[in-house]
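Colleague: Just so it is clear, I am handing over target_38.pdb, which has PDB, C-alpha atoms.
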ATOM      1  CA  ALA A 799       0.000   0.000   0.000
ATOM      2  CA  ARG A 800       2.918   2.353   0.570
ATOM      3  CA  ALA A 801       5.115   1.458  -2.399
ATOM      4  CA  GLN A 802       2.406   1.880  -5.022
ATOM      5  CA  PRO A 803       1.734   5.638  -4.681
ATOM      6  CA  LYS A 804       5.494   6.215  -5.112
ATOM      7  CA  LYS A 805       5.476   4.283  -8.364
ATOM      8  CA  LYS A 806       2.545   6.276  -9.587
ATOM      9  CA  LYS A 807       4.287   9.581  -8.985
ATOM     10  CA  LYS A 808       7.616   8.876 -10.657
ATOM     11  CA  VAL A 809       6.753   6.513 -13.472
ATOM     12  CA  ASP A 810       3.632   8.417 -14.493
ATOM     13  CA  ILE A 811       5.403  11.755 -14.557
ATOM     14  CA  LYS A 812       8.150  10.255 -16.670
ATOM     15  CA  ARG A 813       5.660   8.638 -18.998
ATOM     16  CA  GLU A 814       3.723  11.851 -19.327
ATOM     17  CA  GLN A 815       6.874  13.791 -20.033
ATOM     18  CA  ALA A 816       7.962  11.257 -22.626
ATOM     19  CA  GLN A 817       4.516  11.450 -24.237
ATOM     20  CA  LYS A 818       4.683  15.233 -24.316
ATOM     21  CA  GLU A 819       8.128  15.129 -25.893
ATOM     22  CA  ARG A 820       6.904  12.728 -28.540
ATOM     23  CA  MET A 821       3.940  14.948 -29.311
ATOM     24  CA  LYS A 822       6.145  18.023 -29.507
ATOM     25  CA  LYS A 823       8.471  16.223 -31.881
ATOM     26  CA  LYS A 824       5.540  15.184 -34.052
ATOM     27  CA  ILE A 825       4.232  18.743 -34.098
ATOM     28  CA  ARG A 826       7.636  20.111 -35.025
ATOM     29  CA  LYS A 827       7.950  17.573 -37.828
ATOM     30  CA  LEU A 828       4.500  18.421 -39.219
ATOM     31  CA  GLU A 829       5.127  22.130 -38.973
ATOM     32  CA  LYS A 830       8.445  21.813 -40.794
ATOM     33  CA  ALA A 831       6.799  20.416 -43.896
ATOM     34  CA  ALA A 832       5.894  23.254 -46.262
ATOM     35  CA  GLN A 833       2.220  24.077 -46.547
ATOM     36  CA  GLU A 834       0.683  22.958 -49.808
ATOM     37  CA  MET A 835      -1.744  24.946 -51.893
ATOM     38  CA  ILE A 836      -5.118  23.470 -52.755
ATOM     39  CA  PRO A 837      -4.943  22.212 -56.369
ATOM     40  CA  ILE A 838      -7.235  24.070 -58.706
ATOM     41  CA  GLU A 839      -9.631  21.814 -60.589
ATOM     42  CA  ASP A 840     -10.036  24.324 -63.430
ATOM     43  CA  PHE A 841      -6.510  23.712 -64.628
ATOM     44  CA  VAL A 842      -6.822  19.944 -64.771
ATOM     45  CA  THR A 843      -8.385  18.694 -68.017
ATOM     46  CA  PRO A 844     -10.797  15.819 -67.397
ATOM     47  CA  PRO A 845      -9.484  12.595 -68.955
ATOM     48  CA  LYS A 846     -12.474  12.207 -71.257
ATOM     49  CA  TYR A 847     -11.337  15.258 -73.252
ATOM     50  CA  LEU A 848      -7.871  13.852 -73.752
ATOM     51  CA  GLU A 849      -9.073  11.091 -76.059
ATOM     52  CA  SER A 850      -7.516  11.354 -79.474
ATOM     53  CA  ASN A 851     -10.659  10.346 -81.388
ATOM     54  CA  ARG A 852     -12.255  13.716 -80.713
ATOM     55  CA  VAL A 853     -11.759  15.445 -84.038
ATOM     56  CA  ARG A 854     -14.024  18.048 -85.475
ATOM     57  CA  SER A 855     -14.609  17.762 -89.227
ATOM     58  CA  LEU A 856     -15.723  21.055 -90.722
ATOM     59  CA  PRO A 857     -17.215  21.418 -94.219
ATOM     60  CA  PRO A 858     -15.012  23.265 -96.738
ATOM     61  CA  LEU A 859     -15.810  26.979 -97.153
ATOM     62  CA  SER A 860     -16.483  28.692-100.444
ATOM     63  CA  SER A 861     -14.333  31.622-101.477
ATOM     64  CA  GLU A 862     -17.183  34.128-101.026
ATOM     65  CA  GLU A 863     -17.684  32.900 -97.489
ATOM     66  CA  THR A 864     -13.979  33.249 -96.619
ATOM     67  CA  GLU A 865     -13.917  36.694 -98.220
ATOM     68  CA  ARG A 866     -16.997  37.729 -96.253
ATOM     69  CA  ARG A 867     -15.430  36.484 -93.037
ATOM     70  CA  VAL A 868     -12.137  38.254 -93.646
ATOM     71  CA  LEU A 869     -13.882  41.558 -94.387
ATOM     72  CA  LEU A 870     -16.082  41.127 -91.314
ATOM     73  CA  MET A 871     -13.022  40.491 -89.181
ATOM     74  CA  LYS A 872     -11.389  43.644 -90.517
ATOM     75  CA  LYS A 873     -14.470  45.716 -89.760
ATOM     76  CA  TRP A 874     -14.743  44.215 -86.285
ATOM     77  CA  SER A 875     -11.095  44.860 -85.463
ATOM     78  CA  LEU A 876     -11.440  48.456 -86.641
ATOM     79  CA  TYR A 877     -14.519  48.912 -84.465
ATOM     80  CA  LYS A 878     -12.759  47.457 -81.454
ATOM     81  CA  GLN A 879      -9.709  49.612 -82.084
ATOM     82  CA  LYS A 880     -11.862  52.746 -82.132
ATOM     83  CA  GLN A 881     -13.560  51.598 -78.929
ATOM     84  CA  ASP A 882     -10.230  50.975 -77.229
ATOM     85  CA  GLU A 883      -8.824  54.315 -78.324
ATOM     86  CA  ALA A 884     -11.936  56.071 -77.045
ATOM     87  CA  GLU A 885     -11.484  54.365 -73.681
ATOM     88  CA  LYS A 886      -7.822  55.374 -73.478
ATOM     89  CA  LYS A 887      -8.726  58.934 -74.353
ATOM     90  CA  ALA A 888     -11.460  58.910 -71.711
ATOM     91  CA  ILE A 889      -8.952  57.779 -69.078
ATOM     92  CA  GLN A 890      -6.548  60.528 -70.100
ATOM     93  CA  THR A 891      -9.218  63.222 -69.909
ATOM     94  CA  LEU A 892     -10.347  61.905 -66.514
ATOM     95  CA  VAL A 893      -6.827  62.065 -65.107
ATOM     96  CA  ALA A 894      -6.145  65.466 -66.665
ATOM     97  CA  SER A 895      -9.332  67.014 -65.325
ATOM     98  CA  GLN A 896      -8.653  65.521 -61.906
ATOM     99  CA  GLN A 897      -5.177  67.039 -61.861
ATOM    100  CA  ALA A 898      -6.509  70.407 -62.980
ATOM    101  CA  ALA A 899      -9.162  70.342 -60.257
ATOM    102  CA  LEU A 900      -6.561  69.474 -57.613
ATOM    103  CA  LYS A 901      -4.324  72.272 -58.830
ATOM    104  CA  GLU A 902      -7.155  74.773 -58.517
ATOM    105  CA  LEU A 903      -8.011  73.425 -55.080
ATOM    106  CA  ARG A 904      -4.436  73.866 -53.981
ATOM    107  CA  LEU A 905      -4.525  77.469 -55.054
ATOM    108  CA  GLU A 906      -7.749  77.877 -53.114
ATOM    109  CA  SER A 907      -6.689  76.291 -49.837
ATOM    110  CA  GLU A 908      -3.769  74.061 -48.887
ATOM    111  CA  GLU A 909      -5.722  72.321 -46.115
ATOM    112  CA  LEU A 910      -8.501  71.094 -48.382
ATOM    113  CA  TYR A 911      -5.960  69.954 -50.910
ATOM    114  CA  GLN A 912      -4.131  67.850 -48.323
ATOM    115  CA  ALA A 913      -7.405  66.342 -47.173
ATOM    116  CA  ALA A 914      -8.348  65.527 -50.778
ATOM    117  CA  ILE A 915      -5.007  63.836 -51.415
ATOM    118  CA  LYS A 916      -5.478  61.422 -48.505
ATOM    119  CA  ARG A 917      -6.683  57.919 -49.224
ATOM    120  CA  ASP A 918     -10.343  57.050 -48.772
ATOM    121  CA  GLU A 919     -10.819  54.473 -46.037
ATOM    122  CA  GLY A 920     -14.398  53.788 -47.046
ATOM    123  CA  LEU A 921     -13.465  52.885 -50.606
ATOM    124  CA  PHE A 922     -12.489  49.282 -49.869
ATOM    125  CA  PRO A 923     -14.023  46.742 -49.699
ATOM    126  CA  PHE A 924     -15.890  47.529 -52.894
ATOM    127  CA  GLU A 925     -18.437  45.073 -54.195
ATOM    128  CA  ARG A 926     -20.541  45.119 -57.339
ATOM    129  CA  ASP A 927     -22.635  42.585 -59.202
ATOM    130  CA  GLY A 928     -22.322  42.436 -62.947
ATOM    131  CA  PRO A 929     -25.041  44.011 -65.103
ATOM    132  CA  ASN A 930     -28.024  41.887 -66.181
ATOM    133  CA  TYR A 931     -29.423  41.296 -69.630
ATOM    134  CA  THR A 932     -32.978  41.892 -68.469
ATOM    135  CA  PRO A 933     -34.413  43.471 -65.342
ATOM    136  CA  PRO A 934     -35.888  41.092 -62.745
ATOM    137  CA  LEU A 935     -39.495  39.996 -63.279
ATOM    138  CA  PRO A 936     -41.822  41.754 -60.833
ATOM    139  CA  ASP A 937     -44.216  38.886 -60.011
ATOM    140  CA  TYR A 938     -41.869  35.944 -60.190
ATOM    141  CA  ASP A 939     -42.332  33.311 -57.490
ATOM    142  CA  PRO A 940     -39.243  31.150 -57.316
ATOM    143  CA  PRO A 941     -39.594  27.503 -56.220
ATOM    144  CA  GLU A 942     -38.285  26.516 -52.829
ATOM    145  CA  GLY A 943     -34.952  24.808 -52.758
ATOM    146  CA  LYS A 944     -31.512  24.664 -51.275
ATOM    147  CA  CYS A 945     -27.843  24.609 -52.217
ATOM    148  CA  ILE A 946     -25.474  21.958 -50.987
ATOM    149  CA  ASP A 947     -21.754  22.622 -51.053
ATOM    150  CA  ILE A 948     -20.012  19.557 -52.442
ATOM    151  CA  THR A 949     -16.539  21.019 -52.867
ATOM    152  CA  LYS A 950     -13.811  18.475 -52.299
ATOM    153  CA  VAL A 951     -11.876  19.160 -49.106
ATOM    154  CA  TYR A 952      -8.149  18.644 -49.449
ATOM    155  CA  THR A 953      -6.051  17.801 -46.435
ATOM    156  CA  GLN A 954      -2.327  17.586 -46.053
TER
ATOM    157  CA  ASP B 789      46.873   6.959 -74.535
ATOM    158  CA  ALA B 790      45.979   6.747 -70.885
ATOM    159  CA  CYS B 791      47.453  10.228 -70.243
ATOM    160  CA  VAL B 792      45.210  11.767 -72.894
ATOM    161  CA  ILE B 793      42.039  10.180 -71.398
ATOM    162  CA  CYS B 794      42.749  11.338 -67.854
ATOM    163  CA  HIS B 795      41.206  14.826 -67.339
ATOM    164  CA  ARG B 796      41.685  15.330 -63.633
ATOM    165  CA  HIS B 797      42.900  18.686 -62.428
ATOM    166  CA  TYR B 798      45.097  18.475 -59.404
ATOM    167  CA  ARG B 799      45.020  21.077 -56.718
ATOM    168  CA  SER B 800      48.657  21.947 -57.234
ATOM    169  CA  ARG B 801      48.288  22.479 -60.958
ATOM    170  CA  PRO B 802      47.394  25.889 -62.374
ATOM    171  CA  THR B 803      44.333  24.303 -64.060
ATOM    172  CA  HIS B 804      42.723  23.676 -60.702
ATOM    173  CA  GLY B 805      39.188  25.092 -60.584
ATOM    174  CA  ILE B 806      39.079  25.641 -64.320
ATOM    175  CA  GLY B 807      35.497  25.494 -65.578
ATOM    176  CA  LYS B 808      33.930  26.791 -62.346
ATOM    177  CA  PHE B 809      31.406  29.509 -62.947
ATOM    178  CA  LYS B 810      28.767  29.259 -60.219
ATOM    179  CA  TYR B 811      30.684  31.721 -58.040
ATOM    180  CA  LEU B 812      30.144  34.351 -60.717
ATOM    181  CA  LEU B 813      26.361  34.036 -60.706
ATOM    182  CA  PRO B 814      24.283  36.146 -58.253
ATOM    183  CA  LYS B 815      23.281  34.293 -55.112
ATOM    184  CA  GLU B 816      19.724  32.943 -55.127
ATOM    185  CA  ALA B 817      17.827  33.255 -51.868
ATOM    186  CA  PRO B 818      16.548  29.834 -50.750
ATOM    187  CA  LYS B 819      12.843  29.905 -51.547
ATOM    188  CA  LYS B 820      11.610  27.565 -48.870
ATOM    189  CA  ARG B 821       8.711  28.965 -46.893
ATOM    190  CA  LYS B 822       5.570  29.513 -48.911
ATOM    191  CA  ASP B 823       4.027  31.367 -46.028
ATOM    192  CA  ARG B 824       5.677  34.607 -46.966
ATOM    193  CA  VAL B 825       2.982  37.216 -46.623
ATOM    194  CA  ARG B 826       4.197  40.375 -48.330
ATOM    195  CA  MET B 827       4.945  43.318 -46.138
ATOM    196  CA  LYS B 828       2.265  45.921 -46.661
ATOM    197  CA  ALA B 829       3.068  49.316 -48.080
ATOM    198  CA  VAL B 830       2.472  52.485 -46.139
ATOM    199  CA  ASN B 831      -1.142  52.406 -45.117
ATOM    200  CA  VAL B 832      -1.246  55.835 -43.560
ATOM    201  CA  GLY B 833      -3.251  58.495 -45.335
ATOM    202  CA  THR B 834      -0.449  61.033 -45.511
ATOM    203  CA  GLU B 835       1.460  58.843 -47.950
ATOM    204  CA  HIS B 836      -1.652  58.477 -50.169
ATOM    205  CA  GLU B 837      -0.863  54.993 -51.379
ATOM    206  CA  TYR B 838      -2.749  51.797 -50.775
ATOM    207  CA  GLY B 839      -1.090  48.518 -49.794
ATOM    208  CA  ASP B 840      -1.854  45.174 -51.403
ATOM    209  CA  ILE B 841      -5.280  45.213 -53.002
ATOM    210  CA  ASN B 842      -7.105  42.110 -54.217
ATOM    211  CA  ILE B 843      -9.426  42.365 -57.193
ATOM    212  CA  GLN B 844     -11.553  39.213 -56.913
ATOM    213  CA  MET B 845     -13.780  38.199 -59.805
ATOM    214  CA  THR B 846     -16.335  35.439 -59.228
ATOM    215  CA  SER B 847     -18.647  33.774 -61.689
ATOM    216  CA  TYR B 848     -20.284  30.513 -62.711
ATOM    217  CA  ASP B 849     -18.783  30.889 -66.206
ATOM    218  CA  MET B 850     -15.090  30.039 -66.228
ATOM    219  CA  CYS B 851     -14.149  31.420 -69.669
ATOM    220  CA  LEU B 852     -15.822  34.749 -68.931
ATOM    221  CA  VAL B 853     -14.101  35.198 -65.602
ATOM    222  CA  GLU B 854     -10.735  34.182 -67.033
ATOM    223  CA  HIS B 855     -11.047  36.611 -69.907
ATOM    224  CA  PHE B 856     -12.064  39.376 -67.551
ATOM    225  CA  ALA B 857      -9.124  38.630 -65.260
ATOM    226  CA  LYS B 858      -6.811  38.723 -68.275
ATOM    227  CA  HIS B 859      -8.327  42.065 -69.297
ATOM    228  CA  VAL B 860      -7.852  43.550 -65.822
ATOM    229  CA  HIS B 861      -4.271  42.316 -65.660
ATOM    230  CA  ARG B 862      -3.436  43.856 -69.030
ATOM    231  CA  LEU B 863      -5.168  47.065 -68.038
ATOM    232  CA  CYS B 864      -3.020  47.330 -64.926
ATOM    233  CA  ASN B 865       0.090  46.655 -67.007
ATOM    234  CA  ARG B 866      -0.908  49.390 -69.420
ATOM    235  CA  LEU B 867      -1.538  51.879 -66.597
ATOM    236  CA  SER B 868       1.808  50.920 -64.996
ATOM    237  CA  ILE B 869       0.203  49.648 -61.820
ATOM    238  CA  ARG B 870       2.355  47.029 -60.195
ATOM    239  CA  VAL B 871       0.727  43.575 -60.249
ATOM    240  CA  ASN B 872       2.042  41.302 -57.499
ATOM    241  CA  GLU B 873       0.282  38.134 -58.521
ATOM    242  CA  SER B 874      -2.603  36.894 -60.607
ATOM    243  CA  TYR B 875      -3.925  33.585 -59.329
ATOM    244  CA  ALA B 876      -7.016  31.419 -59.176
ATOM    245  CA  MET B 877      -8.866  30.479 -56.036
ATOM    246  CA  PRO B 878     -10.054  26.870 -55.642
ATOM    247  CA  THR B 879     -13.282  26.048 -57.489
ATOM    248  CA  LYS B 880     -16.423  25.592 -55.434
ATOM    249  CA  THR B 881     -19.132  23.143 -56.493
ATOM    250  CA  ASN B 882     -22.751  23.498 -55.457
ATOM    251  CA  GLU B 883     -25.694  21.182 -55.967
ATOM    252  CA  VAL B 884     -28.899  23.108 -56.467
ATOM    253  CA  LEU B 885     -32.040  21.255 -55.393
ATOM    254  CA  PHE B 886     -35.554  22.533 -55.692
ATOM    255  CA  LEU B 887     -38.827  21.358 -54.206
ATOM    256  CA  GLU B 888     -41.234  19.859 -56.717
ATOM    257  CA  GLU B 889     -44.609  21.493 -57.091
ATOM    258  CA  ARG B 890     -46.574  18.475 -55.941
ATOM    259  CA  GLY B 891     -44.477  16.510 -53.551
ATOM    260  CA  SER B 892     -42.096  16.775 -50.708
ATOM    261  CA  LYS B 893     -39.082  15.403 -52.516
ATOM    262  CA  MET B 894     -36.191  17.653 -53.447
ATOM    263  CA  GLN B 895     -35.209  17.297 -57.052
ATOM    264  CA  LEU B 896     -31.768  17.933 -58.402
ATOM    265  CA  ASP B 897     -31.800  20.951 -60.676
ATOM    266  CA  ALA B 898     -28.155  21.489 -61.540
ATOM    267  CA  VAL B 899     -24.571  21.232 -60.396
ATOM    268  CA  LEU B 900     -22.951  24.666 -60.509
ATOM    269  CA  THR B 901     -19.246  25.387 -60.293
ATOM    270  CA  THR B 902     -18.151  28.793 -58.982
ATOM    271  CA  HIS B 903     -14.825  30.077 -60.279
ATOM    272  CA  GLN B 904     -12.835  32.904 -58.784
ATOM    273  CA  ARG B 905      -9.795  34.719 -60.108
ATOM    274  CA  VAL B 906      -7.732  37.214 -58.135
ATOM    275  CA  VAL B 907      -5.448  39.971 -59.402
ATOM    276  CA  GLN B 908      -3.312  41.461 -56.651
ATOM    277  CA  ILE B 909      -2.009  44.975 -57.171
ATOM    278  CA  CYS B 910       0.187  47.189 -55.091
ATOM    279  CA  GLY B 911       1.046  50.844 -54.915
ATOM    280  CA  LEU B 912      -2.216  52.339 -56.083
ATOM    281  CA  SER B 913      -2.351  56.072 -55.520
ATOM    282  CA  SER B 914      -5.387  57.528 -53.779
ATOM    283  CA  THR B 915      -6.167  59.911 -56.648
ATOM    284  CA  PHE B 916      -6.125  57.169 -59.261
ATOM    285  CA  ALA B 917      -8.028  54.511 -57.324
ATOM    286  CA  PRO B 918     -11.565  55.741 -58.123
ATOM    287  CA  ILE B 919     -10.647  56.102 -61.804
ATOM    288  CA  LEU B 920      -9.398  52.520 -61.925
ATOM    289  CA  LEU B 921     -12.554  51.256 -60.232
ATOM    290  CA  GLU B 922     -14.631  53.194 -62.766
ATOM    291  CA  ILE B 923     -12.823  51.606 -65.718
ATOM    292  CA  ILE B 924     -13.093  48.094 -64.304
ATOM    293  CA  GLN B 925     -16.784  48.570 -63.617
ATOM    294  CA  SER B 926     -17.501  49.820 -67.123
ATOM    295  CA  ASN B 927     -15.933  46.681 -68.579
ATOM    296  CA  GLN B 928     -17.545  44.279 -66.144
ATOM    297  CA  PRO B 929     -19.394  41.528 -68.042
ATOM    298  CA  GLU B 930     -22.738  40.019 -67.055
ATOM    299  CA  GLY B 931     -22.683  37.399 -64.390
ATOM    300  CA  VAL B 932     -19.261  38.352 -63.043
ATOM    301  CA  HIS B 933     -19.272  39.553 -59.465
ATOM    302  CA  LEU B 934     -16.518  42.024 -58.634
ATOM    303  CA  LEU B 935     -14.997  42.481 -55.182
ATOM    304  CA  VAL B 936     -12.089  44.822 -54.480
ATOM    305  CA  LYS B 937     -10.613  44.601 -51.006
ATOM    306  CA  GLU B 938      -7.362  44.853 -49.128
ATOM    307  CA  HIS B 939      -5.221  41.774 -48.903
ATOM    308  CA  THR B 940      -5.048  40.072 -45.534
ATOM    309  CA  GLU B 941      -3.288  37.010 -44.210
ATOM    310  CA  ALA B 942      -6.628  35.218 -43.961
ATOM    311  CA  ASP B 943      -7.043  35.598 -47.719
ATOM    312  CA  PHE B 944      -3.757  33.807 -48.188
ATOM    313  CA  LYS B 945      -4.519  31.080 -45.661
ATOM    314  CA  ILE B 946      -7.729  30.096 -47.479
ATOM    315  CA  ARG B 947      -5.657  28.893 -50.427
ATOM    316  CA  LEU B 948      -3.689  26.434 -48.297
ATOM    317  CA  LYS B 949      -4.662  22.892 -47.457
ATOM    318  CA  THR B 950      -5.935  22.162 -43.966
ATOM    319  CA  ARG B 951      -3.793  20.046 -41.687
ATOM    320  CA  PRO B 952      -6.165  18.183 -39.379
ATOM    321  CA  GLU B 953      -3.476  16.041 -37.722
ATOM    322  CA  LEU B 954      -1.443  19.060 -36.746
ATOM    323  CA  GLU B 955      -4.497  20.850 -35.428
ATOM    324  CA  GLU B 956      -5.504  17.777 -33.433
ATOM    325  CA  LEU B 957      -2.078  17.525 -31.854
ATOM    326  CA  LEU B 958      -2.038  21.219 -31.040
ATOM    327  CA  ALA B 959      -5.457  20.924 -29.451
ATOM    328  CA  GLN B 960      -4.254  18.009 -27.385
ATOM    329  CA  MET B 961      -1.195  19.901 -26.219
ATOM    330  CA  SER B 962      -3.056  22.893 -24.873
TER
END
Show the structure stored in the file as structure tokens.

Modeller:
Amino acid sequence: ARAQPKKKKKVDIKREQAQKERMKKKIRKLEKAAQEMIPIEDFVTPPKYLESNRVRSLPPLSSEETERRVLLMKKWSLYKQKQDEAEKKAIQTLVASQQAALKELRLESEELYQAAIKRDEGLFPFERDGPNYTPPLPDYDPPEGKCIDITKVYTQ
Amino acid sequence: DACVICHRHYRSRPTHGIGKFKYLLPKEAPKKRKDRVRMKAVNVGTEHEYGDINIQMTSYDMCLVEHFAKHVHRLCNRLSIRVNESYAMPTKTNEVLFLEERGSKMQLDAVLTTHQRVVQICGLSSTFAPILLEIIQSNQPEGVHLLVKEHTEADFKIRLKTRPELEELLAQMS
């Protein structure tokens, strides 16, 4: 009855300490390994698209059709070029007018100018949904339902 | 014959170390830790520059979101805004179920995949930031959700795999 409590104290403490050391070693080993990034499924082609028998056979085009397409492409590229140039010009005018306004403000009052130069804390985070083709229907009653997240969870 | 074949350079000979060139190349830093979160730029208003900003584009249509991300990246290059990285977040898959009109059973409608691309920029000046937002908004296609926010460590940690064993051991320790 006397010897047993002594055993419990020493041996258990040693065992516990050994256990803790082992756990610490394990933790250190796991932490040493570099963290891996989750692989992105978009960049992995599914195997069914890698089959070589998937070949598209297109009918031959007549010369008028090819000519029409080439001219259409030229017109489209010209239109897009004009659009792009207009956008670039718009950016330049925006920046120029902003600079002019700031210059005038500086002449008006230095304090306001300094306050205007500071960054806007309320700007970020900025969120916006893309535009829609059609406005939402006024009397639409959507059916009840739910979404289940079935994303694959990767563990290291 | 044997003398011609032997090409060893002895340390006493003047040809010792001939052919070495690695000492001339600049030293590469060992790129071990992937957990290198970039130090943020000056966030104080007086310096009027933002730190790392994430432009996150989300959509169900992968081609659209990729093209838009490419457009934003090229736009930033053209406007000489420094782009730190341009990466993709992991794809999320959702099963959409709806309740049938007559019945209590949920029917599978579709399986939707949500794709997200992120363009991280740095060093945006406070005067130019609203202009950039305006341009990006005007080019935003349908169905693409735009979110512009500051980069945090949490945003980086989401991209990494979870380590349940490590977390279990840490929980046991404390």

Colleague: List every residue of chain B that has an atom at most 7 Å from any atom of chain A, giving for each one its closest atom pair and the distance in Å to one decimal, counting only C-alpha atoms, sorted by chain and then by ascending residue number, as a tab-separated table.

Modeller:
residue	atom	partner	partner_atom	distance
B:Arg821	CA	A:Ala832	CA	6.4
B:Lys822	CA	A:Ala832	CA	6.8
B:Gly833	CA	A:Lys916	CA	4.9
B:Thr834	CA	A:Lys916	CA	5.9
B:His836	CA	A:Lys916	CA	5.1
B:Glu837	CA	A:Arg917	CA	6.9
B:Pro878	CA	A:Ile838	CA	5.0
B:Thr879	CA	A:Glu839	CA	6.4
B:Lys880	CA	A:Thr949	CA	5.2
B:Thr881	CA	A:Thr949	CA	4.9
B:Asn882	CA	A:Asp947	CA	4.6
B:Glu883	CA	A:Ile946	CA	5.0
B:Val884	CA	A:Cys945	CA	4.6
B:Leu885	CA	A:Gly943	CA	5.3
B:Phe886	CA	A:Gly943	CA	3.8
B:Leu887	CA	A:Glu942	CA	5.4
B:Ser914	CA	A:Arg917	CA	4.8
B:Thr915	CA	A:Ile915	CA	6.6
B:Gln928	CA	A:Gly928	CA	6.0
B:Pro929	CA	A:Gly928	CA	5.9
B:Glu930	CA	A:Gly928	CA	4.8
B:Gly931	CA	A:Gly928	CA	5.3
B:Val932	CA	A:Gly928	CA	5.1
B:His933	CA	A:Asp927	CA	4.5
B:Leu934	CA	A:Arg926	CA	5.2
B:Leu935	CA	A:Glu925	CA	4.4
B:Val936	CA	A:Phe924	CA	4.9
B:Lys937	CA	A:Pro923	CA	4.2
B:Glu938	CA	A:Phe922	CA	6.8
B:Arg947	CA	A:Met835	CA	5.7
B:Leu948	CA	A:Met835	CA	4.4
B:Lys949	CA	A:Ile836	CA	5.3
B:Thr950	CA	A:Thr953	CA	5.0
B:Arg951	CA	A:Gln954	CA	5.2
B:Leu954	CA	A:Ile825	CA	6.3
B:Leu957	CA	A:Ile825	CA	6.8

Colleague: Go ahead and fit an axis-aligned box to every listed atom of stretch 919-936 of chain B plus 5 Å each side, and pass me the centre and edge lengths in Å, one decimal, as lines of an AutoDock Vina configuration file.

Modeller:
center_x = -16.1
center_y = 46.8
center_z = -61.5
size_x = 23.3
size_y = 28.7
size_z = 24.1

Colleague: So that I can see what lies close to B:Asp840, please list as a compact mmCIF listing (two decimals) with C-alpha atoms, in the frame of the given file the residues with an atom at most 7 Å from it, counting only C-alpha atoms and leaving out residues fewer than 3 positions away in the same chain.

Modeller:
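Done, and the output landed in part-v3.txt:
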# COMPACT_ATOMS: atom_id res chain seq x y z
CA LYS B 828 2.26 45.92 -46.66
CA GLN B 908 -3.31 41.46 -56.65
CA ILE B 909 -2.01 44.98 -57.17
CA CYS B 910 0.19 47.19 -55.09
CA GLU B 938 -7.36 44.85 -49.13
CA HIS B 939 -5.22 41.77 -48.90

Colleague: Please measure the separation of atom CA of B:Ile843 and atom CA of B:Ala857, giving the value in Å to one decimal.

Modeller: 8.9 Å

Colleague: At most 12 Å from (-12.0, 34.2, -68.5), file frame, all atoms listed in the file: which residues, as a PyMOL selection string?

Modeller: (chain A and resi 840) or (chain B and resi 845-861+876+903-906+928-929+931-932)

Colleague: Would you mind reading off the distance between atom CA of A:Ala884 and atom CA of B:Val871, one decimal, in Å?

Modeller: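 These atoms are spaced 24.5 Å apart.
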